[in-house]
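Colleague: Provided herewith is a single structure, encoded as C-alpha cells, for subsequent inquiry.
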Amino acid sequence: MTTTTGTALSAEELEAGRRAYQLDRRHVFHSWSAQELITPMVITRAEGSWVWDGEGNKLLDFSSQLVNTNIGHQHPKVVAAIQEQAGLLCTVAPQHVNAARSEAARLIAELTPGDLNRIFFTNGGAEAVEHAVRMARLHTGRYKVLSAYRSYHGGTALAVNITGDPRRVANDYGNAGTVHFHAPFLYRSQFHAENEAQECQRALEHLETTIQLEGADRFAAIVLESIPGTAGIMVPPPGYLQGVRELATKYGIVFIADEVMAGFGRSGKWFAIDHAEVVPDLLTFAKGVNSGYVPLGGVAISEEIFATFAKRVYPGGLTYSGHPLACAAAVATINAMREEQMVEHAASLGTDVFGPGLAELAAKHESVGEVRGVGAFWAVELVKNRATREPLAPYGSSSPEMNELIAACKSRGLLPFANFNRIHVVPPLNISVQDARTGLAILDEALTLADAHAED
C-alpha cells in the first residue's frame with residue numbers, strides 16, 4: 001500500500017507554484033466557476049495518496065482529485081508505461097490498429113460483466129455517455145432517454161441534459177429528449193418509505209409509471225449510475241438494479257450503466273454493478289480506467305448492440321479514440337491493480353476502516369445525519385438538525401458552515417471532496433490503512449466545527 005516518501009518543497013518549487021498561480025489567474029478559464037470569485041489551489045507535487053499545495057503544505061488526498069486517481073499519484077509502473085509508449089508511438093489515427101489500444105480493450109473486456117466485449121474508446125466520461133446514447137438511439141430507432149434526478153453524467157451538450165443535478169438547469173432547454181425520475185434514496189425518500197424494501201419497490205413502481213406515462217415505445221435508453229457518485233453515493237437497495245434491468249428488457253429499452261466514477265475498483269469490485277450481478281446493454285467508463293494519467297473513457301458494448309453496427313456504419317468517432325499514451329496507461333493501471341490487489345484492498349477498507357470509522361463519527365457528531373457507502377466510496381451527509389434532516393448547505397449550493405468545515409480539513413492536512421452538504425471519503429484505492437485512519441481522525445476534529453451549527 002502506498003505511503004509518501006516525498007520531502008518538503010524546494011524554494012524553486014515554491015516559486016514555480018507562485019508563477020503558475022499568477023499565470024492561471026491571468027489566462028485560465030475554469031469550469032463550473034465564476035472566474036473572478038475563485039482562488040484555486042496550486043498543486044505543486046503529488047505522490048501516492050498525498051499532494052503538496054503552492055505554499056508547501058502536505059495534504060492527504062481524500063478526494064482522489066475528481067474521484068479518478070484510483071491508484072494514487074505518480075504510480076511508478078504507470079509513469080514508466082507512458083514513458084515507454086511515448087518512445088515507441090506517441091499518437092496514431094484511430095482507423096489504424098495500435099498495440100496499446102488492442103491490449104487495453106482486451107483487459108477491459110475481461111473485466112466487464114456478461115458479453116460486453118466490444119470497446120469503443122473516448123477521451124472521457126461525458127463523451128462515453130454521449131456515444132452510448134447515440135448507439136442506443138440508432139439501435140432502437142427511438143429517441144427519448146430516462147435518467148435519474150441526483151445524478152451526474154457529464155458536461156457536454158447531451159450528457160449535461162441527462163444529468164440530474166443542478167448543473168443541468170442552466171443548460172437545459174427542454175429539447176434533448178431527456179426524462180428524469182426519482183431513484184431510491186431512503187434518507188431523503190420521495191416515496192415516504194420506512195425501509196429499504198419499501199424504497200426499492202416504490203422506486204421501481206415510480207419508474208415504470210414514468211415509462212408508461214411518457215410513452216414506453218419512445219424510449220431508447222435508461223442511463224443510470226450503478227452507484228451515484230457526485231450526487232451523494234447512494235448505494236441502491238437490494239433488488240433495485242435487477243428491477244431496472246427487468247423493466248428495460250420488458251419495454252425494449254437499452255440499459256446503460258454509467259460506471260465513470262464507480263468503476264475500476266472504487267466500490268470494492270471492478271464495477272459497481274457487479275454487486276447486483278446485473279449485466280447492462282452498454283457500460284460507460286473513464287476516470288479509474290487509468291487514474292486520469294492521460295484522458296481516456298469508453299463504452300463497453302454488448303454483442304446484440306454490436307451486431308447493429310456489424311454491417312451498418314456507426315456515425316461517430318473521435319480523433320483521439322484509443323490514444324496510445326492513454327491506452328498504455330490503462331494497461332499498466334489494470335495490471336498494477338491486479339498485481340497489487342487494489343480492488344480487494346478497497347473492499348477491505350470499506351468493511352474494516354471506513355464503514356466502522358464513519359459509523360463512529362456519525363454516533364459522535366450531531367452534525368452527521370447519515371454515512372453511507374461501500375469500498376473506498378463513502379459520503380458523510382451533514383445536517384443542521386437530525387430530526388428534520390435540514391442540510392448544512394442548500395441543495396445545489398454551499399454555505400459558510402460547509403466552507404468553514406472544508407477550510408478546517410485543509411488546515412489540518414486533509415484535502416476533502418465536498419459537494420453541497422456532504423463530505424465524500426474517496427481516497428485512492430491503495431491508500432494505506434494508517435493513512436486512511438489518519439484522514440478519518442482529521443475529519444473527526446473538523447466535524448466539531450460543524451457540530452456548533454447543529455441543533456440538539
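Identifiers in this document derive from the order of the C-alpha cells: chains are assigned A, B, ..., residues are numbered from 1 separately in each chain, and ligands are numbered from 1 in order of occurrence.
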So which residues touch Ser348 in chain A within 12 Å, counting only C-alpha atoms, skipping near sequence neighbours fewer than 2 positions away, as a list in words?

Modeller: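 Everything that qualifies: Gly265, Arg266, Ser267, Gly268, Lys269, Gln341, Met342, Val343, Glu344, His345, Ala346, Gly350, Thr351, Asp352, Val353, Phe354, Gly355, Pro356, Val374, Gly375, Ala376, Phe377, Leu429, Asn430, Ile431, Ser432, Val433 and Ala436 of chain A.
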
Colleague: Env of Thr69 in chain A: 8 Å cut, atoms = only C-alpha atoms, seq-sep filter 2 positions within chain, self excluded. Answer as a list in words.

Modeller: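 Residues meeting the cut-off are Ser64, Gln65, Leu66, Val67, Ile71, Gly72, His73, Lys287, Gly288, Asn290, Ser291, Gly292, Tyr293 and Pro428 of chain A.
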
Colleague: Separation of CA of Leu207 in chain A and CA of Gly369 in chain A, in Å?

Modeller: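 Answer for the CA of Leu207 in chain A to CA of Gly369 in chain A separation: 27.2 Å.
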
Colleague: Extract, using only C-alpha atoms, all DNA, RNA and protein residues at most 7 Å from range 150-165 of chain A, discarding same-chain residues fewer than 6 positions from it, and format them as an MDAnalysis selection string.

Modeller: chainID A and resid 125:126 129:130 172 176 178 228 230:231

Colleague: Could you dump the residues just selected with N, CA and C atoms as a PDB file, in the first residue's frame?

Modeller:
ATOM      1  N   GLY A 125     -15.506  10.601 -19.705  1.00  0.00           N
ATOM      2  CA  GLY A 125     -16.796  10.043 -19.353  1.00  0.00           C
ATOM      3  C   GLY A 125     -17.979  10.675 -20.059  1.00  0.00           C
ATOM      4  N   ALA A 126     -17.975  12.003 -20.212  1.00  0.00           N
ATOM      5  CA  ALA A 126     -19.096  12.660 -20.870  1.00  0.00           C
ATOM      6  C   ALA A 126     -19.250  12.176 -22.305  1.00  0.00           C
ATOM      7  N   VAL A 129     -20.817   8.732 -22.398  1.00  0.00           N
ATOM      8  CA  VAL A 129     -22.266   8.769 -22.244  1.00  0.00           C
ATOM      9  C   VAL A 129     -22.928   9.233 -23.540  1.00  0.00           C
ATOM     10  N   GLU A 130     -22.370  10.273 -24.157  1.00  0.00           N
ATOM     11  CA  GLU A 130     -22.924  10.768 -25.429  1.00  0.00           C
ATOM     12  C   GLU A 130     -22.968   9.647 -26.475  1.00  0.00           C
ATOM     13  N   ASP A 172     -30.321  23.532 -19.759  1.00  0.00           N
ATOM     14  CA  ASP A 172     -31.458  22.698 -20.164  1.00  0.00           C
ATOM     15  C   ASP A 172     -32.524  23.546 -20.844  1.00  0.00           C
ATOM     16  N   ALA A 176     -33.794  18.043 -25.364  1.00  0.00           N
ATOM     17  CA  ALA A 176     -32.788  16.993 -25.535  1.00  0.00           C
ATOM     18  C   ALA A 176     -33.385  15.594 -25.489  1.00  0.00           C
ATOM     19  N   THR A 178     -34.769  14.168 -22.898  1.00  0.00           N
ATOM     20  CA  THR A 178     -34.496  13.517 -21.618  1.00  0.00           C
ATOM     21  C   THR A 178     -35.693  13.628 -20.675  1.00  0.00           C
ATOM     22  N   PRO A 228     -24.634   6.206  -7.660  1.00  0.00           N
ATOM     23  CA  PRO A 228     -24.446   7.635  -7.930  1.00  0.00           C
ATOM     24  C   PRO A 228     -23.267   8.180  -7.136  1.00  0.00           C
ATOM     25  N   THR A 230     -21.042  11.816  -7.541  1.00  0.00           N
ATOM     26  CA  THR A 230     -21.069  13.216  -7.133  1.00  0.00           C
ATOM     27  C   THR A 230     -22.385  13.570  -6.457  1.00  0.00           C
ATOM     28  N   ALA A 231     -23.469  12.928  -6.868  1.00  0.00           N
ATOM     29  CA  ALA A 231     -24.789  13.246  -6.332  1.00  0.00           C
ATOM     30  C   ALA A 231     -24.992  12.770  -4.897  1.00  0.00           C
TER      31      ALA A 231
END

Colleague: Just checking: using only C-alpha atoms, which residue out of A:Val51, A:Ala450, A:Ala80, A:Leu318 ends up closest to Ser367 in chain A?

Modeller: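 Nearest to Ser367 in chain A: A:Ala450.
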
Colleague: Neighbouring residues of Thr284 in chain A were defined as those with any atom within 10 Å, considering only C-alpha atoms; residues of the same chain fewer than 3 positions away were excluded. Please report them as a ChimeraX atom specification.

Modeller: /A:119-122,124-132,153,223,225,256-261,263,297-301

Colleague: From the set A:Val28, A:Leu60, A:Leu116, A:Leu296, which residue has the shortest atom-to-atom contact distance to Gln434 in chain A, counting only C-alpha atoms?

Modeller: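 Between A:Val28, A:Leu60, A:Leu116, A:Leu296, the residue approaching Gln434 in chain A most closely is A:Leu60.
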
Colleague: In Å to one decimal, how far is CA of His96 in chain A from CA of Glu110 in chain A?

Modeller: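 We find that CA of Glu110 in chain A and CA of His96 in chain A lie 22.6 Å from each other.
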
Colleague: Write down as number ranges by chain the residues belonging to range 307-414 of chain A that are assigned strand (DSSP E) by DSSP computed on the backbone.

Modeller: A: 368-374, 377-385, 390-391, 414

Colleague: Run DSSP on the backbone of this structure and report the residues of range 80-310 of chain A it assigns to alpha helix (DSSP H), as a tab-separated table (two decimals) with N, CA and C atoms, in the first residue's frame.

Modeller:
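Wrote selection_15.tsv, looks like this:
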chain	number	residue	atom	x	y	z
A	80	ALA	N	6.07	4.76	-15.96
A	80	ALA	CA	7.03	4.09	-16.84
A	80	ALA	C	6.38	3.64	-18.13
A	81	ALA	N	5.14	3.16	-18.05
A	81	ALA	CA	4.44	2.70	-19.25
A	81	ALA	C	4.17	3.86	-20.21
A	82	ILE	N	3.82	5.02	-19.67
A	82	ILE	CA	3.60	6.20	-20.51
A	82	ILE	C	4.91	6.62	-21.18
A	83	GLN	N	5.99	6.61	-20.40
A	83	GLN	CA	7.30	6.97	-20.95
A	83	GLN	C	7.72	6.00	-22.05
A	84	GLU	N	7.53	4.73	-21.82
A	84	GLU	CA	7.92	3.73	-22.81
A	84	GLU	C	7.09	3.88	-24.09
A	85	GLN	N	5.77	4.10	-23.93
A	85	GLN	CA	4.91	4.26	-25.08
A	85	GLN	C	5.26	5.53	-25.87
A	86	ALA	N	5.61	6.59	-25.16
A	86	ALA	CA	6.00	7.84	-25.82
A	86	ALA	C	7.23	7.63	-26.69
A	87	GLY	N	8.14	6.76	-26.25
A	87	GLY	CA	9.33	6.48	-27.03
A	87	GLY	C	9.04	5.60	-28.23
A	88	LEU	N	7.92	4.88	-28.20
A	88	LEU	CA	7.59	3.94	-29.27
A	88	LEU	C	6.64	4.54	-30.30
A	99	ALA	N	-1.08	-1.38	-30.75
A	99	ALA	CA	-1.00	-2.46	-29.78
A	99	ALA	C	-1.53	-2.06	-28.41
A	100	ALA	N	-1.29	-0.81	-27.99
A	100	ALA	CA	-1.75	-0.37	-26.68
A	100	ALA	C	-3.27	-0.40	-26.61
A	101	ARG	N	-3.93	0.09	-27.66
A	101	ARG	CA	-5.40	0.08	-27.68
A	101	ARG	C	-5.94	-1.34	-27.68
A	102	SER	N	-5.35	-2.21	-28.48
A	102	SER	CA	-5.83	-3.59	-28.55
A	102	SER	C	-5.72	-4.29	-27.20
A	103	GLU	N	-4.58	-4.09	-26.52
A	103	GLU	CA	-4.40	-4.74	-25.22
A	103	GLU	C	-5.31	-4.13	-24.16
A	104	ALA	N	-5.49	-2.82	-24.19
A	104	ALA	CA	-6.41	-2.18	-23.24
A	104	ALA	C	-7.83	-2.71	-23.43
A	105	ALA	N	-8.26	-2.83	-24.68
A	105	ALA	CA	-9.60	-3.35	-24.95
A	105	ALA	C	-9.74	-4.78	-24.44
A	106	ARG	N	-8.72	-5.59	-24.64
A	106	ARG	CA	-8.77	-6.97	-24.15
A	106	ARG	C	-8.90	-7.03	-22.64
A	107	LEU	N	-8.10	-6.24	-21.95
A	107	LEU	CA	-8.14	-6.26	-20.48
A	107	LEU	C	-9.47	-5.76	-19.95
A	108	ILE	N	-10.00	-4.70	-20.55
A	108	ILE	CA	-11.29	-4.17	-20.10
A	108	ILE	C	-12.40	-5.19	-20.35
A	109	ALA	N	-12.38	-5.83	-21.51
A	109	ALA	CA	-13.40	-6.83	-21.83
A	109	ALA	C	-13.34	-8.02	-20.88
A	110	GLU	N	-12.16	-8.34	-20.37
A	110	GLU	CA	-12.04	-9.41	-19.37
A	110	GLU	C	-12.78	-9.05	-18.08
A	111	LEU	N	-12.86	-7.76	-17.79
A	111	LEU	CA	-13.40	-7.32	-16.50
A	111	LEU	C	-14.89	-7.00	-16.55
A	125	GLY	N	-15.51	10.60	-19.71
A	125	GLY	CA	-16.80	10.04	-19.35
A	125	GLY	C	-17.98	10.68	-20.06
A	126	ALA	N	-17.97	12.00	-20.21
A	126	ALA	CA	-19.10	12.66	-20.87
A	126	ALA	C	-19.25	12.18	-22.31
A	127	GLU	N	-18.13	12.07	-23.03
A	127	GLU	CA	-18.18	11.57	-24.40
A	127	GLU	C	-18.65	10.11	-24.43
A	128	ALA	N	-18.27	9.34	-23.43
A	128	ALA	CA	-18.72	7.95	-23.36
A	128	ALA	C	-20.24	7.89	-23.25
A	129	VAL	N	-20.82	8.73	-22.40
A	129	VAL	CA	-22.27	8.77	-22.24
A	129	VAL	C	-22.93	9.23	-23.54
A	130	GLU	N	-22.37	10.27	-24.16
A	130	GLU	CA	-22.92	10.77	-25.43
A	130	GLU	C	-22.97	9.65	-26.47
A	131	HIS	N	-21.89	8.91	-26.60
A	131	HIS	CA	-21.84	7.87	-27.63
A	131	HIS	C	-22.70	6.66	-27.25
A	132	ALA	N	-22.79	6.34	-25.98
A	132	ALA	CA	-23.67	5.24	-25.56
A	132	ALA	C	-25.11	5.56	-25.92
A	133	VAL	N	-25.54	6.79	-25.67
A	133	VAL	CA	-26.91	7.17	-26.02
A	133	VAL	C	-27.10	7.16	-27.53
A	134	ARG	N	-26.11	7.63	-28.27
A	134	ARG	CA	-26.21	7.60	-29.74
A	134	ARG	C	-26.37	6.16	-30.23
A	135	MET	N	-25.57	5.26	-29.67
A	135	MET	CA	-25.70	3.86	-30.05
A	135	MET	C	-27.09	3.32	-29.74
A	136	ALA	N	-27.61	3.66	-28.55
A	136	ALA	CA	-28.94	3.18	-28.16
A	136	ALA	C	-30.02	3.72	-29.08
A	137	ARG	N	-29.92	4.98	-29.45
A	137	ARG	CA	-30.92	5.58	-30.33
A	137	ARG	C	-30.90	4.92	-31.71
A	138	LEU	N	-29.72	4.68	-32.23
A	138	LEU	CA	-29.62	4.04	-33.53
A	138	LEU	C	-30.05	2.58	-33.48
A	139	HIS	N	-29.74	1.91	-32.40
A	139	HIS	CA	-30.09	0.50	-32.23
A	139	HIS	C	-31.60	0.31	-32.13
A	140	THR	N	-32.27	1.20	-31.39
A	140	THR	CA	-33.71	1.04	-31.15
A	140	THR	C	-34.58	1.80	-32.14
A	157	ALA	N	-23.10	18.61	-24.25
A	157	ALA	CA	-24.47	19.06	-24.51
A	157	ALA	C	-25.53	18.05	-24.10
A	158	LEU	N	-25.41	16.81	-24.55
A	158	LEU	CA	-26.40	15.81	-24.19
A	158	LEU	C	-26.19	15.30	-22.77
A	159	ALA	N	-24.93	15.03	-22.42
A	159	ALA	CA	-24.65	14.46	-21.10
A	159	ALA	C	-25.13	15.36	-19.97
A	160	VAL	N	-25.00	16.67	-20.13
A	160	VAL	CA	-25.44	17.56	-19.07
A	160	VAL	C	-26.96	17.61	-18.97
A	161	ASN	N	-27.66	17.35	-20.07
A	161	ASN	CA	-29.11	17.26	-20.02
A	161	ASN	C	-29.58	15.95	-19.42
A	162	ILE	N	-28.79	14.90	-19.60
A	162	ILE	CA	-29.09	13.63	-18.94
A	162	ILE	C	-28.84	13.74	-17.45
A	196	GLU	N	-35.61	-0.12	3.34
A	196	GLU	CA	-35.03	-0.28	2.01
A	196	GLU	C	-35.96	-1.05	1.07
A	197	ALA	N	-36.66	-2.06	1.60
A	197	ALA	CA	-37.55	-2.86	0.75
A	197	ALA	C	-38.67	-1.99	0.17
A	198	GLN	N	-39.26	-1.15	1.02
A	198	GLN	CA	-40.31	-0.24	0.53
A	198	GLN	C	-39.74	0.75	-0.47
A	199	GLU	N	-38.56	1.30	-0.17
A	199	GLU	CA	-37.95	2.28	-1.07
A	199	GLU	C	-37.70	1.65	-2.44
A	200	CYS	N	-37.20	0.43	-2.46
A	200	CYS	CA	-36.93	-0.26	-3.71
A	200	CYS	C	-38.21	-0.49	-4.50
A	201	GLN	N	-39.20	-1.05	-3.85
A	201	GLN	CA	-40.45	-1.36	-4.53
A	201	GLN	C	-41.12	-0.11	-5.09
A	202	ARG	N	-41.19	0.94	-4.26
A	202	ARG	CA	-41.88	2.15	-4.68
A	202	ARG	C	-41.10	2.90	-5.75
A	203	ALA	N	-39.77	2.85	-5.68
A	203	ALA	CA	-38.96	3.49	-6.72
A	203	ALA	C	-39.14	2.79	-8.06
A	204	LEU	N	-39.22	1.46	-8.05
A	204	LEU	CA	-39.43	0.73	-9.29
A	204	LEU	C	-40.84	0.98	-9.84
A	205	GLU	N	-41.82	1.06	-8.98
A	205	GLU	CA	-43.19	1.38	-9.42
A	205	GLU	C	-43.24	2.77	-10.05
A	206	HIS	N	-42.55	3.72	-9.42
A	206	HIS	CA	-42.48	5.08	-9.96
A	206	HIS	C	-41.81	5.09	-11.32
A	207	LEU	N	-40.73	4.35	-11.48
A	207	LEU	CA	-40.03	4.30	-12.75
A	207	LEU	C	-40.92	3.70	-13.84
A	208	GLU	N	-41.61	2.62	-13.53
A	208	GLU	CA	-42.46	2.01	-14.54
A	208	GLU	C	-43.62	2.93	-14.91
A	209	THR	N	-44.18	3.60	-13.93
A	209	THR	CA	-45.25	4.55	-14.23
A	209	THR	C	-44.76	5.67	-15.14
A	210	THR	N	-43.55	6.17	-14.85
A	210	THR	CA	-42.97	7.22	-15.69
A	210	THR	C	-42.80	6.73	-17.12
A	211	ILE	N	-42.29	5.51	-17.28
A	211	ILE	CA	-42.13	4.93	-18.62
A	211	ILE	C	-43.47	4.87	-19.34
A	212	GLN	N	-44.48	4.40	-18.65
A	212	GLN	CA	-45.79	4.25	-19.28
A	212	GLN	C	-46.41	5.59	-19.63
A	213	LEU	N	-46.34	6.55	-18.72
A	213	LEU	CA	-46.97	7.84	-18.96
A	213	LEU	C	-46.25	8.65	-20.03
A	214	GLU	N	-44.93	8.42	-20.17
A	214	GLU	CA	-44.15	9.16	-21.16
A	214	GLU	C	-44.11	8.46	-22.52
A	240	TYR	N	-32.91	-3.31	-6.60
A	240	TYR	CA	-33.28	-2.19	-7.46
A	240	TYR	C	-32.68	-2.31	-8.86
A	241	LEU	N	-31.38	-2.54	-8.97
A	241	LEU	CA	-30.78	-2.63	-10.28
A	241	LEU	C	-31.30	-3.84	-11.05
A	242	GLN	N	-31.62	-4.92	-10.36
A	242	GLN	CA	-32.24	-6.06	-11.02
A	242	GLN	C	-33.61	-5.66	-11.57
A	243	GLY	N	-34.36	-4.86	-10.79
A	243	GLY	CA	-35.66	-4.40	-11.25
A	243	GLY	C	-35.57	-3.48	-12.45
A	244	VAL	N	-34.55	-2.61	-12.45
A	244	VAL	CA	-34.34	-1.73	-13.61
A	244	VAL	C	-34.01	-2.56	-14.85
A	245	ARG	N	-33.17	-3.57	-14.68
A	245	ARG	CA	-32.83	-4.46	-15.79
A	245	ARG	C	-34.10	-5.11	-16.36
A	246	GLU	N	-34.97	-5.57	-15.49
A	246	GLU	CA	-36.20	-6.23	-15.92
A	246	GLU	C	-37.13	-5.25	-16.66
A	247	LEU	N	-37.24	-4.03	-16.16
A	247	LEU	CA	-38.09	-3.04	-16.82
A	247	LEU	C	-37.51	-2.67	-18.19
A	248	ALA	N	-36.20	-2.51	-18.27
A	248	ALA	CA	-35.58	-2.19	-19.55
A	248	ALA	C	-35.85	-3.29	-20.57
A	249	THR	N	-35.71	-4.53	-20.15
A	249	THR	CA	-35.97	-5.66	-21.05
A	249	THR	C	-37.44	-5.71	-21.44
A	250	LYS	N	-38.32	-5.49	-20.48
A	250	LYS	CA	-39.76	-5.56	-20.73
A	250	LYS	C	-40.20	-4.57	-21.80
A	303	GLU	N	-23.01	-7.80	-27.37
A	303	GLU	CA	-22.98	-8.40	-28.71
A	303	GLU	C	-24.23	-8.01	-29.51
A	304	GLU	N	-25.37	-7.89	-28.85
A	304	GLU	CA	-26.59	-7.52	-29.57
A	304	GLU	C	-26.47	-6.14	-30.20
A	305	ILE	N	-25.96	-5.19	-29.43
A	305	ILE	CA	-25.83	-3.83	-29.98
A	305	ILE	C	-24.67	-3.77	-30.97
A	306	PHE	N	-23.62	-4.50	-30.71
A	306	PHE	CA	-22.53	-4.58	-31.69
A	306	PHE	C	-23.04	-5.07	-33.03
A	307	ALA	N	-23.96	-6.05	-33.02
A	307	ALA	CA	-24.48	-6.61	-34.26
A	307	ALA	C	-25.20	-5.58	-35.11
A	308	THR	N	-25.79	-4.57	-34.45
A	308	THR	CA	-26.47	-3.50	-35.19
A	308	THR	C	-25.50	-2.78	-36.13

Colleague: In terms of the shortest atom-to-atom distance over only C-alpha atoms, which of A:Gly232, A:Gly439, A:Pro184, A:Pro237 is closest to Gly357 in chain A?

Modeller: A:Gly439
